[in-house]
>>> print(open('start.pdb').read())   # PDB, C-alpha atoms
ATOM      1  CA  MET R 193       0.000   0.000   0.000
ATOM      2  CA  LYS R 194       1.267   3.472  -0.856
ATOM      3  CA  THR R 195       1.887   5.874   1.992
ATOM      4  CA  PRO R 196      -0.671   8.692   2.107
ATOM      5  CA  ILE R 197       0.805  12.007   1.010
ATOM      6  CA  ALA R 198      -0.405  13.680   4.196
ATOM      7  CA  PHE R 199       2.019  11.569   6.249
ATOM      8  CA  PHE R 200       4.906  13.158   4.422
ATOM      9  CA  LEU R 201       3.367  16.593   4.803
ATOM     10  CA  VAL R 202       2.944  16.168   8.561
ATOM     11  CA  LEU R 203       6.494  14.839   8.886
ATOM     12  CA  SER R 204       7.745  17.799   6.896
ATOM     13  CA  ALA R 205       5.777  20.176   9.142
ATOM     14  CA  LEU R 206       7.381  18.624  12.232
ATOM     15  CA  LEU R 207      10.873  18.879  10.751
ATOM     16  CA  PHE R 208      10.231  22.493   9.786
ATOM     17  CA  THR R 209       9.087  23.245  13.324
ATOM     18  CA  ILE R 210      12.203  21.650  14.810
ATOM     19  CA  GLY R 211      14.287  23.775  12.459
ATOM     20  CA  THR R 212      12.401  26.929  13.473
ATOM     21  CA  VAL R 213      12.862  26.216  17.177
ATOM     22  CA  GLY R 214      16.535  25.548  16.496
ATOM     23  CA  VAL R 215      16.956  28.939  14.847
ATOM     24  CA  LEU R 216      15.229  30.637  17.787
ATOM     25  CA  VAL R 217      16.936  28.752  20.603
ATOM     26  CA  ARG R 218      20.518  28.121  19.577
ATOM     27  CA  ARG R 219      23.311  30.718  19.762
ATOM     28  CA  ASN R 220      26.030  29.085  17.725
ATOM     29  CA  ALA R 221      25.881  30.617  14.248
ATOM     30  CA  LEU R 222      26.822  27.304  12.632
ATOM     31  CA  VAL R 223      24.032  25.411  14.390
ATOM     32  CA  ILE R 224      21.570  28.136  13.399
ATOM     33  CA  PHE R 225      22.682  27.623   9.813
ATOM     34  CA  MET R 226      22.158  23.887  10.124
ATOM     35  CA  SER R 227      18.651  24.507  11.464
ATOM     36  CA  ILE R 228      17.935  26.643   8.399
ATOM     37  CA  GLU R 229      19.156  23.735   6.266
ATOM     38  CA  LEU R 230      16.703  21.501   8.107
ATOM     39  CA  GLN R 231      13.884  23.908   7.287
ATOM     40  CA  LEU R 232      14.869  23.987   3.617
ATOM     41  CA  ASN R 233      14.963  20.193   3.547
ATOM     42  CA  ALA R 234      11.515  20.004   5.106
ATOM     43  CA  VAL R 235      10.119  22.321   2.452
ATOM     44  CA  ASN R 236      11.773  20.207  -0.252
ATOM     45  CA  LEU R 237       9.976  17.180   1.153
ATOM     46  CA  THR R 238       6.682  19.065   0.936
ATOM     47  CA  LEU R 239       7.377  20.081  -2.658
ATOM     48  CA  ILE R 240       8.192  16.519  -3.687
ATOM     49  CA  ALA R 241       5.188  15.106  -1.840
ATOM     50  CA  PHE R 242       2.877  17.485  -3.689
ATOM     51  CA  SER R 243       4.649  16.722  -6.929
ATOM     52  CA  ARG R 244       3.869  13.036  -6.331
ATOM     53  CA  GLN R 245       0.268  13.822  -5.450
ATOM     54  CA  LEU R 246      -0.287  15.827  -8.621
ATOM     55  CA  GLY R 247       1.657  13.444 -10.845
ATOM     56  CA  GLU R 248       3.780  16.276 -12.257
ATOM     57  CA  VAL R 249       7.552  16.669 -12.005
ATOM     58  CA  ASP R 250       7.422  20.486 -11.741
ATOM     59  CA  GLY R 251       7.550  20.225  -7.966
ATOM     60  CA  GLN R 252      10.709  18.160  -8.211
ATOM     61  CA  VAL R 253      12.313  20.747 -10.476
ATOM     62  CA  LEU R 254      11.403  23.417  -7.930
ATOM     63  CA  ALA R 255      12.967  21.332  -5.149
ATOM     64  CA  PHE R 256      16.051  20.972  -7.325
ATOM     65  CA  PHE R 257      16.318  24.755  -7.670
ATOM     66  CA  SER R 258      15.819  25.188  -3.941
ATOM     67  CA  MET R 259      18.745  22.814  -3.367
ATOM     68  CA  VAL R 260      20.927  24.896  -5.685
ATOM     69  CA  VAL R 261      19.955  28.103  -3.907
ATOM     70  CA  ALA R 262      20.591  26.421  -0.546
ATOM     71  CA  ALA R 263      24.068  25.442  -1.685
ATOM     72  CA  ALA R 264      24.841  29.023  -2.743
ATOM     73  CA  GLU R 265      23.369  30.362   0.504
ATOM     74  CA  VAL R 266      25.479  28.018   2.612
ATOM     75  CA  VAL R 267      28.660  28.972   0.790
ATOM     76  CA  VAL R 268      28.131  32.703   1.291
ATOM     77  CA  GLY R 269      26.833  32.274   4.834
ATOM     78  CA  LEU R 270      29.798  30.198   5.922
ATOM     79  CA  ALA R 271      32.160  32.731   4.342
ATOM     80  CA  ILE R 272      30.450  35.464   6.380
ATOM     81  CA  ILE R 273      30.769  33.366   9.536
ATOM     82  CA  VAL R 274      34.473  32.832   8.824
ATOM     83  CA  ALA R 275      34.938  36.576   8.246
ATOM     84  CA  ILE R 276      33.146  37.404  11.520
ATOM     85  CA  PHE R 277      35.138  34.750  13.347
ATOM     86  CA  ARG R 278      38.378  36.360  12.146
ATOM     87  CA  ARG R 279      37.359  39.664  13.749
ATOM     88  CA  ARG R 280      35.577  38.449  16.875
ATOM     89  CA  VAL R 281      36.917  34.935  17.528
ATOM     90  CA  SER R 282      33.413  33.765  18.343
ATOM     91  CA  ALA R 283      30.556  32.017  16.605
ATOM     92  CA  ASN R 284      28.035  33.296  19.141
ATOM     93  CA  VAL R 285      25.370  35.381  17.421
ATOM     94  CA  ASP R 286      24.737  37.466  20.547
ATOM     95  CA  GLU R 287      28.194  38.970  20.284
ATOM     96  CA  VAL R 288      27.657  40.143  16.731
ATOM     97  CA  SER R 289      25.755  43.322  17.490
ATOM     98  CA  LEU R 290      27.649  45.924  15.473
ATOM     99  CA  LEU R 291      24.524  47.123  13.723
ATOM    100  CA  LYS R 292      22.408  47.126  16.855
ATOM    101  CA  TRP R 293      21.271  50.501  17.992
TER     102      TRP R 293
ATOM    103  CA  MET A 148       5.960  -2.159   2.162
ATOM    104  CA  ASP A 149       5.995   1.575   1.584
ATOM    105  CA  LEU A 150       4.249   2.165   4.881
ATOM    106  CA  VAL A 151       6.685  -0.057   6.769
ATOM    107  CA  VAL A 152       9.655   1.863   5.403
ATOM    108  CA  PHE A 153       7.930   5.142   6.217
ATOM    109  CA  TRP A 154       7.199   4.174   9.810
ATOM    110  CA  ILE A 155      10.760   3.001  10.319
ATOM    111  CA  MET A 156      12.369   6.079   8.826
ATOM    112  CA  ALA A 157      10.013   8.761  10.172
ATOM    113  CA  PRO A 158      11.000   8.307  13.861
ATOM    114  CA  VAL A 159      14.657   8.186  12.826
ATOM    115  CA  SER A 160      14.216  11.422  10.912
ATOM    116  CA  ILE A 161      12.436  13.264  13.725
ATOM    117  CA  GLY A 162      14.807  11.806  16.314
ATOM    118  CA  ALA A 163      17.876  12.910  14.389
ATOM    119  CA  ALA A 164      16.443  16.428  14.037
ATOM    120  CA  VAL A 165      15.610  16.669  17.754
ATOM    121  CA  LEU A 166      19.018  15.327  18.758
ATOM    122  CA  MET A 167      20.613  17.891  16.446
ATOM    123  CA  LEU A 168      18.756  20.549  18.397
ATOM    124  CA  PHE A 169      20.038  19.327  21.760
ATOM    125  CA  GLN A 170      23.679  18.702  20.907
ATOM    126  CA  ARG A 171      26.081  21.102  22.603
ATOM    127  CA  ASN A 172      28.866  20.106  20.271
ATOM    128  CA  ALA A 173      28.343  21.541  16.789
ATOM    129  CA  VAL A 174      30.147  18.616  15.140
ATOM    130  CA  TYR A 175      27.701  16.095  16.622
ATOM    131  CA  ALA A 176      24.836  18.323  15.513
ATOM    132  CA  ALA A 177      26.202  18.234  11.968
ATOM    133  CA  LEU A 178      26.433  14.430  12.063
ATOM    134  CA  PHE A 179      22.810  14.147  13.199
ATOM    135  CA  LEU A 180      21.791  16.508  10.428
ATOM    136  CA  ILE A 181      23.540  14.216   7.921
ATOM    137  CA  LEU A 182      21.525  11.281   9.302
ATOM    138  CA  ASN A 183      18.362  13.336   8.911
ATOM    139  CA  GLN A 184      19.234  14.127   5.301
ATOM    140  CA  PHE A 185      19.805  10.462   4.518
ATOM    141  CA  THR A 186      16.347   9.632   5.837
ATOM    142  CA  LEU A 187      14.941  12.414   3.665
ATOM    143  CA  ALA A 188      16.613  10.768   0.655
ATOM    144  CA  VAL A 189      14.746   7.572   1.572
ATOM    145  CA  PHE A 190      11.472   9.521   1.635
ATOM    146  CA  PHE A 191      12.279  10.960  -1.787
ATOM    147  CA  VAL A 192      12.661   7.406  -3.111
ATOM    148  CA  LEU A 193       9.300   6.501  -1.541
ATOM    149  CA  LEU A 194       7.816   9.461  -3.412
ATOM    150  CA  ASP A 195       9.285   8.230  -6.731
ATOM    151  CA  ALA A 196      11.725  11.155  -6.955
ATOM    152  CA  HIS A 197      14.792   9.059  -7.657
ATOM    153  CA  PHE A 198      16.869  11.829  -9.184
ATOM    154  CA  LEU A 199      16.366  14.133  -6.220
ATOM    155  CA  ALA A 200      17.178  11.326  -3.796
ATOM    156  CA  ALA A 201      20.575  11.001  -5.458
ATOM    157  CA  VAL A 202      21.029  14.781  -5.472
ATOM    158  CA  GLN A 203      20.052  14.921  -1.806
ATOM    159  CA  VAL A 204      22.754  12.437  -0.856
ATOM    160  CA  ILE A 205      25.444  13.915  -3.091
ATOM    161  CA  VAL A 206      24.781  17.631  -2.648
ATOM    162  CA  TYR A 207      23.358  17.869   0.882
ATOM    163  CA  ALA A 208      24.816  14.972   2.823
ATOM    164  CA  GLY A 209      27.971  15.066   0.740
ATOM    165  CA  ALA A 210      28.976  18.549  -0.310
ATOM    166  CA  ILE A 211      27.115  20.939   2.002
ATOM    167  CA  MET A 212      27.652  19.048   5.237
ATOM    168  CA  VAL A 213      31.311  18.479   4.411
ATOM    169  CA  LEU A 214      31.559  22.230   3.934
ATOM    170  CA  PHE A 215      29.984  22.723   7.368
ATOM    171  CA  LEU A 216      32.350  20.259   9.008
ATOM    172  CA  PHE A 217      35.273  21.813   7.178
ATOM    173  CA  VAL A 218      34.415  25.268   8.521
ATOM    174  CA  MET A 219      33.953  23.821  12.017
ATOM    175  CA  MET A 220      37.359  22.181  11.967
ATOM    176  CA  PHE A 221      38.828  25.320  10.445
ATOM    177  CA  LEU A 222      37.427  27.601  13.123
ATOM    178  CA  GLY A 223      37.746  25.098  15.953
ATOM    179  CA  VAL A 224      34.217  25.783  17.237
ATOM    180  CA  ASP A 225      34.156  22.987  19.773
ATOM    181  CA  ARG A 226      33.828  25.341  22.706
ATOM    182  CA  ARG A 227      30.781  25.304  24.951
ATOM    183  CA  GLU A 228      27.879  27.431  23.862
ATOM    184  CA  ALA A 229      26.791  30.140  26.303
ATOM    185  CA  LEU A 230      23.651  28.895  28.017
ATOM    186  CA  ALA A 231      22.503  32.116  29.683
ATOM    187  CA  GLU A 232      19.389  33.557  28.098
ATOM    188  CA  THR A 233      19.723  37.064  26.737
ATOM    189  CA  ILE A 234      15.970  37.569  26.619
ATOM    190  CA  PRO A 235      14.264  36.051  29.689
ATOM    191  CA  GLY A 236      11.970  33.143  28.851
ATOM    192  CA  GLN A 237      13.057  33.099  25.221
ATOM    193  CA  ARG A 238      13.644  29.342  25.154
ATOM    194  CA  TRP A 239      10.206  28.312  26.416
ATOM    195  CA  LEU A 240       8.541  30.950  24.299
ATOM    196  CA  ALA A 241      10.347  29.563  21.241
ATOM    197  CA  VAL A 242       9.283  25.991  22.045
ATOM    198  CA  GLY A 243       5.681  27.075  22.693
ATOM    199  CA  LEU A 244       5.446  29.066  19.492
ATOM    200  CA  GLY A 245       7.060  26.180  17.621
ATOM    201  CA  LEU A 246       4.395  23.782  18.902
ATOM    202  CA  LEU A 247       1.725  26.285  17.845
ATOM    203  CA  LEU A 248       3.297  26.457  14.386
ATOM    204  CA  ALA A 249       3.370  22.660  14.109
ATOM    205  CA  ALA A 250      -0.263  22.401  15.224
ATOM    206  CA  GLY A 251      -1.268  25.044  12.701
ATOM    207  CA  VAL A 252       0.493  23.377   9.786
ATOM    208  CA  VAL A 253      -0.799  19.903  10.685
ATOM    209  CA  LEU A 254      -4.309  21.324  10.944
ATOM    210  CA  ALA A 255      -3.870  22.961   7.528
ATOM    211  CA  VAL A 256      -2.726  19.632   6.054
ATOM    212  CA  GLY A 257      -5.687  17.851   7.627
ATOM    213  CA  LEU A 258      -8.167  20.402   6.296
ATOM    214  CA  GLY A 259      -6.566  20.916   2.906
ATOM    215  CA  VAL A 260      -5.308  17.494   1.841
ATOM    216  CA  GLY A 261      -7.072  15.052   4.115
ATOM    217  CA  LEU A 262      -4.995  12.932   6.431
ATOM    218  CA  ALA A 263      -5.515   9.479   4.922
ATOM    219  CA  ARG A 264      -5.807  10.045   1.196
ATOM    220  CA  ALA A 265      -3.518   7.723  -0.729
ATOM    221  CA  PRO A 266      -1.856   9.119  -3.843
ATOM    222  CA  GLY A 267      -2.770   7.939  -7.307
ATOM    223  CA  PRO A 268      -0.789   5.366  -9.240
ATOM    224  CA  PRO A 269       2.858   6.319  -9.731
ATOM    225  CA  PRO A 270       3.580   8.160 -12.962
ATOM    226  CA  GLY A 271       4.851   5.658 -15.479
ATOM    227  CA  GLY A 272       8.244   5.894 -17.091
ATOM    228  CA  ASP A 273      11.633   7.087 -16.032
ATOM    229  CA  ASN A 274      11.730   9.741 -13.326
ATOM    230  CA  ILE A 275      15.143  11.078 -14.331
ATOM    231  CA  ARG A 276      14.074  11.395 -17.953
ATOM    232  CA  ALA A 277      10.876  13.200 -16.968
ATOM    233  CA  VAL A 278      12.760  15.651 -14.716
ATOM    234  CA  ALA A 279      15.352  16.302 -17.404
ATOM    235  CA  ARG A 280      12.683  16.954 -20.017
ATOM    236  CA  VAL A 281      10.909  19.534 -17.858
ATOM    237  CA  LEU A 282      14.173  21.057 -16.616
ATOM    238  CA  PHE A 283      15.632  21.619 -20.065
ATOM    239  CA  THR A 284      12.463  22.787 -21.782
ATOM    240  CA  ASP A 285      10.106  24.688 -19.478
ATOM    241  CA  TYR A 286      12.726  25.708 -16.918
ATOM    242  CA  VAL A 287      15.806  26.190 -19.076
ATOM    243  CA  PHE A 288      16.103  29.920 -18.337
ATOM    244  CA  PRO A 289      15.986  29.564 -14.525
ATOM    245  CA  PHE A 290      18.397  26.656 -14.916
ATOM    246  CA  GLU A 291      20.912  28.900 -16.663
ATOM    247  CA  LEU A 292      20.368  31.563 -14.018
ATOM    248  CA  THR A 293      21.336  29.109 -11.296
ATOM    249  CA  SER A 294      24.748  28.719 -12.943
ATOM    250  CA  ILE A 295      25.260  32.482 -12.625
ATOM    251  CA  LEU A 296      24.112  32.268  -9.007
ATOM    252  CA  LEU A 297      26.621  29.519  -8.226
ATOM    253  CA  ILE A 298      29.497  31.420  -9.827
ATOM    254  CA  LEU A 299      28.511  34.561  -7.918
ATOM    255  CA  ALA A 300      28.358  32.585  -4.669
ATOM    256  CA  ALA A 301      31.792  31.075  -5.267
ATOM    257  CA  VAL A 302      33.340  34.481  -6.024
ATOM    258  CA  ALA A 303      31.560  36.077  -3.054
ATOM    259  CA  ALA A 304      32.796  33.359  -0.715
ATOM    260  CA  MET A 305      36.363  33.845  -1.902
ATOM    261  CA  VAL A 306      36.153  37.624  -1.456
ATOM    262  CA  LEU A 307      34.559  37.366   1.994
ATOM    263  CA  ALA A 308      36.813  34.684   3.436
ATOM    264  CA  ARG A 309      40.061  36.040   2.022
ATOM    265  CA  ARG A 310      42.686  37.146   4.509
ATOM    266  CA  LYS A 311      43.515  40.681   3.489
ATOM    267  CA  GLY A 312      47.107  41.318   2.447
ATOM    268  CA  ARG A 313      48.484  38.061   3.811
ATOM    269  CA  GLY A 314      49.043  34.892   1.876
ATOM    270  CA  LEU A 315      49.468  36.810  -1.368
ATOM    271  CA  PRO A 316      52.710  37.391  -3.254
ATOM    272  CA  ASP A 317      54.399  40.651  -2.230
ATOM    273  CA  LEU A 318      53.595  42.632  -5.352
ATOM    274  CA  GLU A 319      49.926  41.770  -5.217
ATOM    275  CA  ALA A 320      49.782  42.323  -1.464
ATOM    276  CA  ASP A 321      51.127  45.846  -1.912
ATOM    277  CA  ALA A 322      48.693  46.552  -4.681
ATOM    278  CA  VAL A 323      45.821  45.341  -2.527
ATOM    279  CA  SER A 324      46.733  47.021   0.740
ATOM    280  CA  GLU A 325      47.887  50.342  -0.678
ATOM    281  CA  PRO A 326      44.441  51.917  -1.124
ATOM    282  CA  GLU A 327      43.633  51.012   2.477
ATOM    283  CA  ARG A 328      46.665  52.801   3.815
ATOM    284  CA  ALA A 329      45.986  55.946   1.795
ATOM    285  CA  PRO A 330      44.037  58.582   3.753
TER     286      PRO A 330
END
>>> encode(input="start.pdb", output="structure tokens")
Amino acid sequence: MKTPIAFFLVLSALLFTIGTVGVLVRRNALVIFMSIELQLNAVNLTLIAFSRQLGEVDGQVLAFFSMVVAAAEVVVGLAIIVAIFRRRVSANVDEVSLLKW
Amino acid sequence: MDLVVFWIMAPVSIGAAVLMLFQRNAVYAALFLILNQFTLAVFFVLLDAHFLAAVQVIVYAGAIMVLFLFVMMFLGVDRREALAETIPGQRWLAVGLGLLLAAGVVLAVGLGVGLARAPGPPPGGDNIRAVARVLFTDYVFPFELTSILLILAAVAAMVLARRKGRGLPDLEADAVSEPERAP
């Protein structure tokens, strides 16, 4: 028997929530980034589940593009973290408050 | 069969994500995230997205997480994270709002899709061929744009992470640092 699509959607919702809580709770910039990756992955799962439901591959192409954008985002984000680390010697986001009024 | 695989992998997936959240050590968190991404690749196979399952393993679990681990080793971020809350009650508020978000999305799925509706028969034919056909006909322009995006990201990363003035040959170092010294 095929798994109902809604199971995947609920699982994806739970993973997205865990990622959101991770972004809000953690202080380490790298772990926050990983939580964002988790959110992106959860959304990819949703896209592919809907693509399966509708019988079209457009959703899969969209998930593919989101993976490419995630890769680019990670590269630039990690470069920014490295640049901040060079100045501050810390990956704690609370200490990066240069632009805070 | 599908359902059995789903019910085995779903707890692993959620468990890996939760454990990632609770790891103090960023390297362990990254390893749990890799486990989570492998389970997602299994779900992609269950959903007949074979191409994306391969991409998930190669790009996410392979390239991106290796990049994360590389940066971690490079920076040596194995120190303890500060546990004091900057905003009082932020942690519980975050968990509470997260549960609300989950409840809202699950409710939306239940109302919009129906919780027990099985999908139709799998689309016949080769998944990779179908994806390639759509990607190189309907989405060929966005596809080309992503190549520009990747090149831009690579150049941006090099510019951002470069150590200024050091590690370059003398002539170039002078040329680079001279404008900075000028008033």
>>> resolve_selection(input="start.pdb", expression="the PyMOL selection byres ((chain A and resi 197-207) around 12)", output="PyMOL selection string")
(chain R and resi 226+229-230+232-233+236-237+239-240+244+249+251-264+266) or (chain A and resi 177+180-196+208-215+272-279)
>>> interface_residues(input="start.pdb", of="chain R", to="chain A", cutoff="7 Å", atoms="only C-alpha atoms", output="ChimeraX atom specification")
/R:193-198,201-202,205-207,209-210,212-214,216-217,219-220,223,241,244-245,247,249,253,256,263-264,267-268,271-272,274-275
>>> write_last_selection(input="start.pdb", atoms="C-alpha atoms", output="compact mmCIF listing (two decimals), in the coordinates of the input")
# COMPACT_ATOMS: atom_id res chain seq x y z
CA MET R 193 0.00 0.00 0.00
CA LYS R 194 1.27 3.47 -0.86
CA THR R 195 1.89 5.87 1.99
CA PRO R 196 -0.67 8.69 2.11
CA ILE R 197 0.80 12.01 1.01
CA ALA R 198 -0.40 13.68 4.20
CA LEU R 201 3.37 16.59 4.80
CA VAL R 202 2.94 16.17 8.56
CA ALA R 205 5.78 20.18 9.14
CA LEU R 206 7.38 18.62 12.23
CA LEU R 207 10.87 18.88 10.75
CA THR R 209 9.09 23.24 13.32
CA ILE R 210 12.20 21.65 14.81
CA THR R 212 12.40 26.93 13.47
CA VAL R 213 12.86 26.22 17.18
CA GLY R 214 16.54 25.55 16.50
CA LEU R 216 15.23 30.64 17.79
CA VAL R 217 16.94 28.75 20.60
CA ARG R 219 23.31 30.72 19.76
CA ASN R 220 26.03 29.08 17.73
CA VAL R 223 24.03 25.41 14.39
CA ALA R 241 5.19 15.11 -1.84
CA ARG R 244 3.87 13.04 -6.33
CA GLN R 245 0.27 13.82 -5.45
CA GLY R 247 1.66 13.44 -10.84
CA VAL R 249 7.55 16.67 -12.00
CA VAL R 253 12.31 20.75 -10.48
CA PHE R 256 16.05 20.97 -7.32
CA ALA R 263 24.07 25.44 -1.68
CA ALA R 264 24.84 29.02 -2.74
CA VAL R 267 28.66 28.97 0.79
CA VAL R 268 28.13 32.70 1.29
CA ALA R 271 32.16 32.73 4.34
CA ILE R 272 30.45 35.46 6.38
CA VAL R 274 34.47 32.83 8.82
CA ALA R 275 34.94 36.58 8.25
>>> atom_distance(input="start.pdb", atom1="CA of Leu292 (chain A)", atom2="CA of Leu270 (chain R)")
22.1 Å
>>> closest_residue(input="start.pdb", among="R:Val215, R:Leu203, R:Glu287, R:Lys292", to="Ser227 (chain R)", atoms="only C-alpha atoms")
R:Val215
>>> atom_distance(input="start.pdb", atom1="CA of Val235 (chain R)", atom2="CA of Phe199 (chain R)")
14.0 Å
>>> atom_distance(input="start.pdb", atom1="CA of Ser204 (chain R)", atom2="CA of Phe179 (chain A)")
16.7 Å
>>> axis_aligned_box(input="start.pdb", around="region 275-285 of chain A", padding_each_side="5 Å", output="JSON")
{"center_x": 12.9, "center_y": 17.9, "center_z": -18.1, "size_x": 15.5, "size_y": 23.6, "size_z": 17.5}
>>> decode(input="start.pdb", residues="region 269-287 of chain R", atoms="N, CA and C atoms", output="PDB file, in the first residue's frame")
ATOM      1  N   GLY R 269      27.034  32.160   3.395  1.00  0.00           N
ATOM      2  CA  GLY R 269      26.833  32.274   4.834  1.00  0.00           C
ATOM      3  C   GLY R 269      28.044  31.818   5.619  1.00  0.00           C
ATOM      4  N   LEU R 270      28.620  30.687   5.202  1.00  0.00           N
ATOM      5  CA  LEU R 270      29.798  30.198   5.922  1.00  0.00           C
ATOM      6  C   LEU R 270      30.972  31.151   5.730  1.00  0.00           C
ATOM      7  N   ALA R 271      31.085  31.758   4.546  1.00  0.00           N
ATOM      8  CA  ALA R 271      32.160  32.731   4.342  1.00  0.00           C
ATOM      9  C   ALA R 271      31.980  33.918   5.281  1.00  0.00           C
ATOM     10  N   ILE R 272      30.710  34.350   5.459  1.00  0.00           N
ATOM     11  CA  ILE R 272      30.450  35.464   6.380  1.00  0.00           C
ATOM     12  C   ILE R 272      30.807  35.060   7.802  1.00  0.00           C
ATOM     13  N   ILE R 273      30.445  33.820   8.182  1.00  0.00           N
ATOM     14  CA  ILE R 273      30.769  33.366   9.536  1.00  0.00           C
ATOM     15  C   ILE R 273      32.284  33.343   9.736  1.00  0.00           C
ATOM     16  N   VAL R 274      33.015  32.866   8.713  1.00  0.00           N
ATOM     17  CA  VAL R 274      34.473  32.832   8.824  1.00  0.00           C
ATOM     18  C   VAL R 274      35.019  34.250   8.967  1.00  0.00           C
ATOM     19  N   ALA R 275      34.464  35.193   8.171  1.00  0.00           N
ATOM     20  CA  ALA R 275      34.938  36.576   8.246  1.00  0.00           C
ATOM     21  C   ALA R 275      34.668  37.171   9.623  1.00  0.00           C
ATOM     22  N   ILE R 276      33.463  36.894  10.178  1.00  0.00           N
ATOM     23  CA  ILE R 276      33.146  37.404  11.520  1.00  0.00           C
ATOM     24  C   ILE R 276      34.060  36.773  12.554  1.00  0.00           C
ATOM     25  N   PHE R 277      34.289  35.467  12.387  1.00  0.00           N
ATOM     26  CA  PHE R 277      35.138  34.750  13.347  1.00  0.00           C
ATOM     27  C   PHE R 277      36.547  35.330  13.364  1.00  0.00           C
ATOM     28  N   ARG R 278      37.044  35.772  12.205  1.00  0.00           N
ATOM     29  CA  ARG R 278      38.378  36.360  12.146  1.00  0.00           C
ATOM     30  C   ARG R 278      38.442  37.622  12.994  1.00  0.00           C
ATOM     31  N   ARG R 279      37.359  38.399  12.998  1.00  0.00           N
ATOM     32  CA  ARG R 279      37.359  39.664  13.749  1.00  0.00           C
ATOM     33  C   ARG R 279      37.068  39.450  15.225  1.00  0.00           C
ATOM     34  N   ARG R 280      36.114  38.536  15.518  1.00  0.00           N
ATOM     35  CA  ARG R 280      35.577  38.449  16.875  1.00  0.00           C
ATOM     36  C   ARG R 280      36.040  37.229  17.649  1.00  0.00           C
ATOM     37  N   VAL R 281      36.555  36.215  16.930  1.00  0.00           N
ATOM     38  CA  VAL R 281      36.917  34.935  17.528  1.00  0.00           C
ATOM     39  C   VAL R 281      35.748  34.347  18.307  1.00  0.00           C
ATOM     40  N   SER R 282      34.577  34.349  17.704  1.00  0.00           N
ATOM     41  CA  SER R 282      33.413  33.765  18.343  1.00  0.00           C
ATOM     42  C   SER R 282      32.383  33.435  17.282  1.00  0.00           C
ATOM     43  N   ALA R 283      31.653  32.353  17.512  1.00  0.00           N
ATOM     44  CA  ALA R 283      30.556  32.017  16.605  1.00  0.00           C
ATOM     45  C   ALA R 283      29.221  32.252  17.298  1.00  0.00           C
ATOM     46  N   ASN R 284      29.254  33.020  18.398  1.00  0.00           N
ATOM     47  CA  ASN R 284      28.035  33.296  19.141  1.00  0.00           C
ATOM     48  C   ASN R 284      27.323  34.496  18.505  1.00  0.00           C
ATOM     49  N   VAL R 285      26.057  34.306  18.129  1.00  0.00           N
ATOM     50  CA  VAL R 285      25.370  35.381  17.421  1.00  0.00           C
ATOM     51  C   VAL R 285      25.067  36.567  18.331  1.00  0.00           C
ATOM     52  N   ASP R 286      25.037  36.349  19.655  1.00  0.00           N
ATOM     53  CA  ASP R 286      24.737  37.466  20.547  1.00  0.00           C
ATOM     54  C   ASP R 286      25.853  38.494  20.570  1.00  0.00           C
ATOM     55  N   GLU R 287      27.066  38.044  20.235  1.00  0.00           N
ATOM     56  CA  GLU R 287      28.194  38.970  20.284  1.00  0.00           C
ATOM     57  C   GLU R 287      28.351  39.764  19.000  1.00  0.00           C
TER      58      GLU R 287
END
